[in-house]
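Let me begin by presenting the structure, written as structure tokens, before commenting on it.
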Amino acid sequence: MYRQRPRDYLHRLALSLLVTMNIGNCMAVSDSLSEQDYLQEFPVVLSASRLSQPLSETPNAVTVIDRAMIKASGFRTIADLFRLVPGMYVDYKDGYTPFISYHGASDEYTRRMQVLVDGRSVYLPPFSTVDWADLPLLIDDIERIEVVRGPAATSYGSNSIFGVISITTRDAAAQNGASISAARGNAGNARIADVAARFGRAGDSLDYRLTFGAQTDNGFNFPANTPIYYNGYDDSSSTHVTNLRANYHPNGIDSFDFQLGHSSGVRATGNPAISPTEVTTSPIRNIETSSGYQQLTWFRTLQQNADIQLHYYHISRSLRDERWTPPFQGVSYWLNDGVATQRHELELQHTLHTSPNNRLVWGVASRYDAVDAPSMFLTPQSVHQSRLFAHDEWRISPRFLLNAGAMLEDDGMGHRNISPKATLNYHVTPQHTLRAGVSIAHRNAALAEEHSNLRYDTNMLQQEWLSSGGLRPERTLSREIGYVGEFHNGWSIDARTYVDQVSDIILQDPFLVPGSGKNPTLDFRNEFSARYAGLEGTVKYNWGERKNNLTINYAHQTVSAALVGTPKILTQTPLPVSAEEWAYYQSVFLGLLQNAATDFSATTPMNSYSILYSRQMDYGGSVSFGYYEQGIVKVLIGNAPQPLTRRLDIRVAKQYKLLHASSGKAGGEVALVLQNVFRDDNVGYSGYLFDRRAYLTATFNF
């Protein structure tokens, strides 16, 4: 069992951090400073509380990834961008299935961090997780990303117990003209091929932006000593994306924002049978996917600095995965893992000033989710959720700011949860702020966790999941101390130390089902608790008239877990076997759960770093370097810990301008991107090899 550090560990780290920053020298500032002195040029964020706030006044630590950082990183997938967030873990199950988590990597279905795109939640049943490759969104469509590091269920409800990823796409007026872009390159023996075209216009009352794009990737390679199980493995993919954003603003108080998008993809998957006597339920094949969304937002500016927003969206996704198994004793079996899911959500939000020193945002929302997955559920499933939320910002004095709020949420499965939060920000000086907060957050069970019945009837019943239901929502008690500071010489620091206690964790519990042999079947049960603690921060430095920008992220994290429930194998009716054999299976399955609790201490890399440096040179040239290091980490569904990984990426670019007879001026950019330059042996948890990659991108605007 992992041995926890003493409770005062975080307090000592926090104290050392503040001493190192020499904050004490700033304490002597006169209390006569006005409120205006504290309104400095900190980055403004929108996601932490649903109120527009400078970073120094938010109730959470927030990482902002802007367009300049996105371009400098050289990344071509959205998932990789989260390597720029302290404390976040990024890996891949295969060439098209990234999984992204904060506070470690318990499994590929990371359900504890909300993901929003322009305000709509892209978590979908049955697993309440995100299929990143299916989002109808290209990385160049993104204007900025705000990552709330810490529970935000007060504002965003379930799935927010570790934080929120809020993606904002480029405004409809941002594309005034047309552009085309392409990327070509290789990754070891694989190839990369991307293409995109955009067109838009900014008008007096109507703006619009339209994107078409396609991405093709041959996936990952595997080392020479890869087990035979991966012989013939193929994880290539291709995706086609279309999206439209339009904004109609007929007057100075109303704005109508309309969005729609669609993506379709083909994913190669499957493995051959290990032996002629095995019936594989995952033969080599292609999976076809389709995703779409429609969204309408009405925003009205009211008198006295108030506004109202009505927001509706619909999301749909389908996955076609049908196949015949290889013949077994002359018989093949038809399997269908297809999924069709959709979501409708309507939300009303009202923001107002209740006094010169107080702002309030409140709202109500209703969500309907439905899913049809024949192999996972006996019948189609649906759930209707509703929520009521409020967040208040009270400026007690120029130095003290209190953020407080709560959300009441009905999960549609018999539970009503209240998630409160309170944070006090103290401005030591206009440039240096301390933050202390406490919150309670909940995560509702996913439909697959509550109702799954996944089975394959081949030569023998293979019951993989069978949920007993009745799950309680997971609950997090979070405490944190944070610091945000800006220095006159171009340096800024954002750091926090935290302790998160999570109870009623839902994990897979193995047991035996009559008629399915002696292979374990998995139930979902509230049987774990975990404690997460750490210190993380970001240091930024810009110089040379902001032509040089350096961002350094660091996180030190620890986690421990305990098995607190009674395993199902100890309470189920014994199978018709001998007492000795039944006792053996009980001890084996109990050992699996106890080992899972022990392995929890390794599901978070103890230390992780990222460094991004970019320089803008004369004559339109630029160069950037990204270094990413992640400590050893254990994924619970993996066979072995993922080793220490290091990676250096380089991007070199040149902007150009051309004269064009009809449009006056045209231009673009050409860039060369090298990833994993030194060809470090970056092996993912599933055994793939992230080899050196090189690709050339070109953009032409006209």
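So you can find residues: chains in the structure tokens are A, B, ... in the order shown, residues in each start at 1, and ligands are numbered from 1 in order.
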>> Report as a count of residues only all protein, DNA and RNA residues lying within 9 Å of range 462-472 of chain A, evaluated on only C-alpha atoms, omitting residues in the same chain fewer than 5 positions from it.
In response: 31
> Which residues, written as a ChimeraX atom specification, have at least one atom at most 6 Å from range 156-173 of chain A, with only C-alpha atoms counted and residues fewer than 4 positions away on the same chain left out?
Replying inline: /A:111-118,141-152,202,207-209,245-246,441-444
> So, counting only C-alpha atoms, which residue among A:Tyr312, A:Arg693, A:Leu319, A:Asn271 is closest to Asn221 in chain A?
Replying inline: A:Arg693
If you take only C-alpha atoms and a cut-off of 9 Å, which residues of range 70-135 of chain A touch range 278-296 of chain A, and what are their nearest atom pairs and distances in Å to one decimal, in chain and number order, as JSON lines?
{"residue": "A:Arg120", "atom": "CA", "partner": "A:Gln295", "partner_atom": "CA", "distance": 8.2}
{"residue": "A:Asp134", "atom": "CA", "partner": "A:Ser291", "partner_atom": "CA", "distance": 6.3}
{"residue": "A:Leu135", "atom": "CA", "partner": "A:Ser291", "partner_atom": "CA", "distance": 7.0}
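Proximity of A:Ser397, A:Ser179, A:Thr110, A:Ser49 to Ala698 in chain A, computed with only C-alpha atoms, is greatest for A:Ser179.
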>> Report, in Å with one decimal, the straight-line distance from CA of Pro136 in chain A to CA of Val122 in chain A.
In response: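 Result for CA of Pro136 in chain A versus CA of Val122 in chain A: 10.7 Å, one decimal.
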> Distance CA of Phe258 in chain A-CA of Leu310 in chain A, one decimal place?
Replying inline: 12.1 Å
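Considering only C-alpha atoms, the residue among A:Pro510, A:Lys654, A:Met88, A:Glu581 positioned nearest to Met617 in chain A is A:Lys654.
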Please provide as a tab-separated table (two decimals) with C-alpha atoms, in the first residue's frame all residues within 6 Å of Gly177 in chain A, with the sequence filter that same-chain residues fewer than 2 positions apart are discarded (counting only C-alpha atoms).
chain	number	residue	atom	x	y	z
A	175	GLN	CA	-12.48	34.49	-41.14
A	199	PHE	CA	-14.37	30.74	-46.07
A	200	GLY	CA	-16.02	33.58	-44.17
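Distance annotation: of A:Gly687, A:Gly668, A:Pro380, A:Gly591, the residue with the minimal separation from Phe700 in chain A is A:Gly668; atom set is only C-alpha atoms.
Atom pair CA of Trp362 in chain A / CA of Ile396 in chain A has a distance of 20.2 Å (rounded to one decimal).
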>> I need the strand (DSSP E or B) residues of range 94-275 of chain A per DSSP on the backbone, written as a PyMOL selection string.
In response: chain A and resi 94+97-102+113-117+120-121+124+129+142-149+163-169+177-187+190-202+206-217+221+237-248+254-269
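The shortest atom-to-atom distance to Thr433 in chain A, with only C-alpha atoms taken into account, belongs to A:Pro54 out of A:Phe389, A:Pro54, A:Ile315, A:Ser47.
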List the spatial neighbours of range 476-482 of chain A as a compact mmCIF listing (two decimals) with all heavy atoms, in the first residue's frame - criterion: any atom at most 6 Å away, only C-alpha atoms, same-chain residues fewer than 3 positions off excluded.
# COMPACT_ATOMS: atom_id res chain seq x y z
N LEU A 434 -3.52 35.88 -3.28
CA LEU A 434 -3.64 34.57 -2.66
C LEU A 434 -5.10 34.13 -2.74
O LEU A 434 -6.01 34.95 -2.65
CB LEU A 434 -3.19 34.62 -1.20
CG LEU A 434 -1.73 34.98 -0.94
CD1 LEU A 434 -1.47 35.09 0.56
CD2 LEU A 434 -0.81 33.94 -1.56
N ARG A 435 -5.29 32.81 -2.90
CA ARG A 435 -6.64 32.26 -3.03
C ARG A 435 -6.75 31.02 -2.15
O ARG A 435 -5.87 30.16 -2.15
CB ARG A 435 -6.90 31.88 -4.49
CG ARG A 435 -8.27 31.28 -4.75
CD ARG A 435 -8.41 30.84 -6.21
NE ARG A 435 -7.52 29.74 -6.54
CZ ARG A 435 -6.47 29.84 -7.36
NH1 ARG A 435 -6.20 31.00 -7.95
NH2 ARG A 435 -5.70 28.81 -7.60
N ALA A 436 -7.86 30.92 -1.40
CA ALA A 436 -8.13 29.74 -0.59
C ALA A 436 -9.57 29.34 -0.82
O ALA A 436 -10.48 30.18 -0.77
CB ALA A 436 -7.88 30.02 0.89
N GLY A 437 -9.79 28.05 -1.10
CA GLY A 437 -11.15 27.62 -1.42
C GLY A 437 -11.44 26.21 -0.96
O GLY A 437 -10.53 25.39 -0.75
N VAL A 438 -12.72 25.94 -0.82
CA VAL A 438 -13.20 24.61 -0.46
C VAL A 438 -14.48 24.34 -1.25
O VAL A 438 -15.27 25.26 -1.49
CB VAL A 438 -13.44 24.48 1.06
CG1 VAL A 438 -14.49 25.49 1.52
CG2 VAL A 438 -13.85 23.07 1.44
N SER A 439 -14.66 23.11 -1.70
CA SER A 439 -15.85 22.79 -2.49
C SER A 439 -16.20 21.32 -2.34
O SER A 439 -15.37 20.49 -1.97
CB SER A 439 -15.62 23.11 -3.98
OG SER A 439 -14.61 22.29 -4.52
N ILE A 440 -17.45 21.02 -2.65
CA ILE A 440 -17.96 19.66 -2.73
C ILE A 440 -18.54 19.47 -4.12
O ILE A 440 -19.30 20.32 -4.61
CB ILE A 440 -19.02 19.38 -1.65
CG1 ILE A 440 -18.40 19.46 -0.25
CG2 ILE A 440 -19.68 18.02 -1.85
CD1 ILE A 440 -19.40 19.33 0.87
N ALA A 441 -18.18 18.39 -4.78
CA ALA A 441 -18.66 18.12 -6.13
C ALA A 441 -19.09 16.67 -6.24
O ALA A 441 -18.63 15.80 -5.49
CB ALA A 441 -17.57 18.44 -7.15
N ALA A 495 0.24 29.28 -9.30
CA ALA A 495 0.53 28.03 -8.60
C ALA A 495 -0.59 27.69 -7.64
O ALA A 495 -1.31 28.57 -7.17
CB ALA A 495 1.85 28.14 -7.84
N ARG A 496 -0.73 26.41 -7.37
CA ARG A 496 -1.70 25.99 -6.37
C ARG A 496 -1.26 24.69 -5.72
O ARG A 496 -0.53 23.89 -6.31
CB ARG A 496 -3.10 25.82 -6.97
CG ARG A 496 -3.37 24.50 -7.66
CD ARG A 496 -4.82 24.43 -8.12
NE ARG A 496 -5.17 23.10 -8.60
CZ ARG A 496 -6.10 22.33 -8.06
NH1 ARG A 496 -6.77 22.73 -7.00
NH2 ARG A 496 -6.38 21.13 -8.56
N THR A 497 -1.70 24.49 -4.49
CA THR A 497 -1.52 23.24 -3.77
C THR A 497 -2.89 22.78 -3.32
O THR A 497 -3.76 23.60 -2.96
CB THR A 497 -0.56 23.43 -2.57
OG1 THR A 497 -0.44 22.21 -1.87
CG2 THR A 497 -1.04 24.51 -1.62
N TYR A 498 -3.15 21.49 -3.34
CA TYR A 498 -4.51 21.01 -3.16
C TYR A 498 -4.53 19.65 -2.47
O TYR A 498 -3.55 18.89 -2.49
CB TYR A 498 -5.22 20.89 -4.51
CG TYR A 498 -4.57 19.88 -5.43
CD1 TYR A 498 -4.90 18.53 -5.38
CD2 TYR A 498 -3.58 20.27 -6.33
CE1 TYR A 498 -4.28 17.60 -6.19
CE2 TYR A 498 -2.95 19.36 -7.15
CZ TYR A 498 -3.30 18.02 -7.08
OH TYR A 498 -2.67 17.10 -7.87
N VAL A 499 -5.67 19.33 -1.90
CA VAL A 499 -5.99 18.00 -1.40
C VAL A 499 -7.43 17.71 -1.81
O VAL A 499 -8.34 18.47 -1.46
CB VAL A 499 -5.85 17.88 0.13
CG1 VAL A 499 -6.32 16.52 0.61
CG2 VAL A 499 -4.42 18.12 0.57
N ASP A 500 -7.64 16.64 -2.57
CA ASP A 500 -8.98 16.22 -3.00
C ASP A 500 -9.26 14.83 -2.43
O ASP A 500 -8.50 13.88 -2.69
CB ASP A 500 -9.08 16.17 -4.52
CG ASP A 500 -9.00 17.55 -5.15
OD1 ASP A 500 -9.12 18.54 -4.41
OD2 ASP A 500 -8.81 17.63 -6.39
N GLN A 501 -10.33 14.71 -1.68
CA GLN A 501 -10.75 13.43 -1.13
C GLN A 501 -11.99 12.96 -1.88
O GLN A 501 -13.03 13.62 -1.83
CB GLN A 501 -11.05 13.55 0.37
CG GLN A 501 -11.31 12.22 1.06
CD GLN A 501 -10.05 11.39 1.22
OE1 GLN A 501 -9.00 11.93 1.57
NE2 GLN A 501 -10.16 10.09 0.96
N VAL A 502 -11.89 11.83 -2.58
CA VAL A 502 -12.98 11.32 -3.41
C VAL A 502 -13.52 10.05 -2.77
O VAL A 502 -12.76 9.11 -2.50
CB VAL A 502 -12.52 11.04 -4.85
CG1 VAL A 502 -13.72 10.70 -5.73
CG2 VAL A 502 -11.78 12.24 -5.43
Could you pull out all residues of range 393-541 of chain A with a DSSP call of alpha helix (DSSP H) and give them as a PDB file with C-alpha atoms, in the first residue's frame?
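This went into states08.pdb:
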ATOM      1  CA  LEU A 447     -25.711   4.825 -18.177  1.00  0.00           C
ATOM      2  CA  ALA A 448     -23.224   2.037 -18.919  1.00  0.00           C
ATOM      3  CA  GLU A 449     -22.269   1.879 -15.242  1.00  0.00           C
ATOM      4  CA  GLU A 450     -25.882   1.754 -14.088  1.00  0.00           C
ATOM      5  CA  HIS A 451     -27.558  -0.459 -16.715  1.00  0.00           C
TER       6      HIS A 451
END
>> Need to verify the contact set: Arg50 in chain A, 9 Å, only C-alpha atoms, exclusion of same-chain residues closer than 6 positions in sequence. Can you return it as a list in words?
In response: Ser155, Thr351, Val361 and His391 of chain A
Export of prior selection with N, CA, C and O atoms as a PDB file, in the first residue's frame:
ATOM      1  N   SER A 155     -20.693  25.219 -11.124  1.00  0.00           N
ATOM      2  CA  SER A 155     -21.092  25.891 -12.361  1.00  0.00           C
ATOM      3  C   SER A 155     -21.479  24.936 -13.474  1.00  0.00           C
ATOM      4  O   SER A 155     -22.290  25.290 -14.338  1.00  0.00           O
ATOM      5  N   THR A 351     -27.261  37.096 -15.840  1.00  0.00           N
ATOM      6  CA  THR A 351     -26.155  37.742 -15.142  1.00  0.00           C
ATOM      7  C   THR A 351     -26.559  39.170 -14.797  1.00  0.00           C
ATOM      8  O   THR A 351     -27.081  39.892 -15.660  1.00  0.00           O
ATOM      9  N   VAL A 361     -24.636  35.424 -11.118  1.00  0.00           N
ATOM     10  CA  VAL A 361     -25.087  34.690 -12.293  1.00  0.00           C
ATOM     11  C   VAL A 361     -25.864  33.476 -11.798  1.00  0.00           C
ATOM     12  O   VAL A 361     -25.441  32.788 -10.871  1.00  0.00           O
ATOM     13  N   HIS A 391     -24.054  31.566  -8.817  1.00  0.00           N
ATOM     14  CA  HIS A 391     -22.701  31.927  -8.359  1.00  0.00           C
ATOM     15  C   HIS A 391     -22.671  33.429  -8.090  1.00  0.00           C
ATOM     16  O   HIS A 391     -23.099  34.228  -8.929  1.00  0.00           O
TER      17      HIS A 391
END
